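Contents: one structure, followed by commentary.
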Amino acid sequence: QVQLVESGGGLVQPGGSLRLSCAASENIFSINVMGWYRQAPGKEREFVAISWSGGNTNYADSVKGRFTISRDNAKNTVYLQMNSLKPEDTAVYYCNAARPGYEYWGQGTQVTVSS
């Protein structure tokens, strides 16, 4: 069982930046895939960004060029750097970890983009 704890959410103005962190309870080097998803009010949870253990990354079209996912294996932490934030980025952001046959979720952290 992998425990995931997100942090770093908050209120930010349009055009601003935030960095989300996801601390894992075990060595993330052994976790095949780690990613970020988000869920806005009244909408389904959607994919944001993903990082494979081999180093590849992928992003939703809506965040490409603005968000960056990264891993710090020494700290067992995955980050999501979010720049040029827009009101439509407002959502609860969830960290996800996946290995064959298993999937784990954090409790989520709220990001609100508003003036």
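For the structure tokens, the naming scheme is as follows: chains receive sequential letters (A, B, ...) according to their order of presentation, residues are indexed from 1 within each chain, and ligands are indexed from 1 in presentation order.
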
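Residue neighbourhood of Tyr104 of chain A, excluding near-sequence residues (fewer than 4 positions): Gln1, Val2, Gln3, Leu4, Met34, Cys95, Asn96, Ala97, Ala98 and Arg99 of chain A, at 10 Å, using only C-alpha atoms.
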
Give me a file of those residues, with N, CA, C and O atoms, as a PDB file, in the first residue's frame.
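The resulting file, part.pdb, is reproduced below:
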ATOM      1  N   GLN A   1       0.848  -1.196   0.000  1.00  0.00           N
ATOM      2  CA  GLN A   1       0.000   0.000   0.000  1.00  0.00           C
ATOM      3  C   GLN A   1       0.880   1.241   0.000  1.00  0.00           C
ATOM      4  O   GLN A   1       1.670   1.450   0.907  1.00  0.00           O
ATOM      5  N   VAL A   2       0.744   2.072  -1.025  1.00  0.00           N
ATOM      6  CA  VAL A   2       1.508   3.311  -1.124  1.00  0.00           C
ATOM      7  C   VAL A   2       0.630   4.454  -0.618  1.00  0.00           C
ATOM      8  O   VAL A   2      -0.476   4.649  -1.088  1.00  0.00           O
ATOM      9  N   GLN A   3       1.128   5.203   0.334  1.00  0.00           N
ATOM     10  CA  GLN A   3       0.429   6.388   0.819  1.00  0.00           C
ATOM     11  C   GLN A   3       0.950   7.614   0.066  1.00  0.00           C
ATOM     12  O   GLN A   3       2.169   7.777  -0.077  1.00  0.00           O
ATOM     13  N   LEU A   4       0.030   8.447  -0.400  1.00  0.00           N
ATOM     14  CA  LEU A   4       0.397   9.657  -1.141  1.00  0.00           C
ATOM     15  C   LEU A   4      -0.199  10.868  -0.439  1.00  0.00           C
ATOM     16  O   LEU A   4      -1.392  10.864  -0.122  1.00  0.00           O
ATOM     17  N   MET A  34       3.829   7.715 -12.160  1.00  0.00           N
ATOM     18  CA  MET A  34       3.250   8.668 -11.205  1.00  0.00           C
ATOM     19  C   MET A  34       2.676   9.831 -11.987  1.00  0.00           C
ATOM     20  O   MET A  34       3.276  10.274 -12.973  1.00  0.00           O
ATOM     21  N   CYS A  95      -2.793  13.286  -6.757  1.00  0.00           N
ATOM     22  CA  CYS A  95      -1.605  12.530  -7.133  1.00  0.00           C
ATOM     23  C   CYS A  95      -1.986  11.062  -7.313  1.00  0.00           C
ATOM     24  O   CYS A  95      -2.824  10.536  -6.556  1.00  0.00           O
ATOM     25  N   ASN A  96      -1.369  10.421  -8.285  1.00  0.00           N
ATOM     26  CA  ASN A  96      -1.663   9.022  -8.590  1.00  0.00           C
ATOM     27  C   ASN A  96      -0.358   8.253  -8.763  1.00  0.00           C
ATOM     28  O   ASN A  96       0.592   8.768  -9.346  1.00  0.00           O
ATOM     29  N   ALA A  97      -0.352   7.029  -8.225  1.00  0.00           N
ATOM     30  CA  ALA A  97       0.791   6.132  -8.414  1.00  0.00           C
ATOM     31  C   ALA A  97       0.269   4.797  -8.922  1.00  0.00           C
ATOM     32  O   ALA A  97      -0.743   4.295  -8.421  1.00  0.00           O
ATOM     33  N   ALA A  98       0.944   4.248  -9.923  1.00  0.00           N
ATOM     34  CA  ALA A  98       0.461   2.997 -10.517  1.00  0.00           C
ATOM     35  C   ALA A  98       1.616   2.043 -10.774  1.00  0.00           C
ATOM     36  O   ALA A  98       2.687   2.460 -11.230  1.00  0.00           O
ATOM     37  N   ARG A  99       1.378   0.788 -10.457  1.00  0.00           N
ATOM     38  CA  ARG A  99       2.281  -0.303 -10.794  1.00  0.00           C
ATOM     39  C   ARG A  99       1.381  -1.444 -11.246  1.00  0.00           C
ATOM     40  O   ARG A  99       0.188  -1.411 -10.971  1.00  0.00           O
TER      41      ARG A  99
END

Tell me, which residues of chain A carry DSSP strand (DSSP E or B), written as number ranges by chain?
-> A: 4-7, 10-12, 18-24, 33-39, 46-52, 57-59, 67-72, 77-82, 91-99, 102-105, 109-113

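Nearest to Pro100 of chain A of all the residues A:Leu18, A:Gln13, A:Glu46, A:Ser30 is A:Ser30, based on only C-alpha atoms.
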
Figure out the distance between atom CA of Phe47 of chain A and atom CA of Ser25 of chain A, please, to one decimal in Å.
-> 22.5 Å

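Neighbouring residues of Lys64 of chain A at 10 Å or closer, counting only C-alpha atoms and skipping chain neighbours under 5 positions away, are Val48, Ala49, Asn58 and Tyr59 of chain A.
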
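From atom CA of Tyr94 of chain A back to atom CA of Trp52 of chain A, the distance works out to 16.8 Å.
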
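Restricting the calculation to only C-alpha atoms, the smallest distance between Tyr79 of chain A and any of A:Val113, A:Ala40, A:Ile50, A:Val12 is found for A:Ile50.
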
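Using only C-alpha atoms, the nearest neighbour of Ser70 of chain A within the list A:Tyr102, A:Ser51, A:Trp36, A:Leu20 is A:Ser51.
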
Take atom CA of Glu103 of chain A and atom CA of Leu85 of chain A and report the distance between them in Å, one decimal.
-> 28.3 Å

Name all residues at most 6 Å from Phe67 of chain A (count only C-alpha atoms; drop same-chain ones fewer than 2 positions away) and give them as a PyMOL selection string.
-> chain A and resi 63+81-82

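With only C-alpha atoms as the atoms that count, the residue of A:Gly108, A:Arg71, A:Pro87, A:Gly9 with the shortest distance to Ile28 of chain A is A:Arg71.
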
Which residue gives the smallest distance to Tyr37 of chain A among A:Ala23, A:Ile69, A:Val111, A:Val92, with only C-alpha atoms counted?
-> A:Val92

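Restricting the calculation to only C-alpha atoms, the smallest distance between Lys75 of chain A and any of A:Ser7, A:Gly16, A:Cys22, A:Ser53 is found for A:Cys22.
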
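Close contacts of Asn27 of chain A, defined as residues with an atom at most 9 Å away when counting only C-alpha atoms, with chain neighbours fewer than 3 positions off set aside, comprise Ala24, Ser30, Ile31, Asn73, Ala74, Lys75, Asn76 and Thr77 of chain A.
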
All helix (DSSP H, G or I) positions in chain A, as a PyMOL selection string = chain A and resi 28-30+73-75+87-89
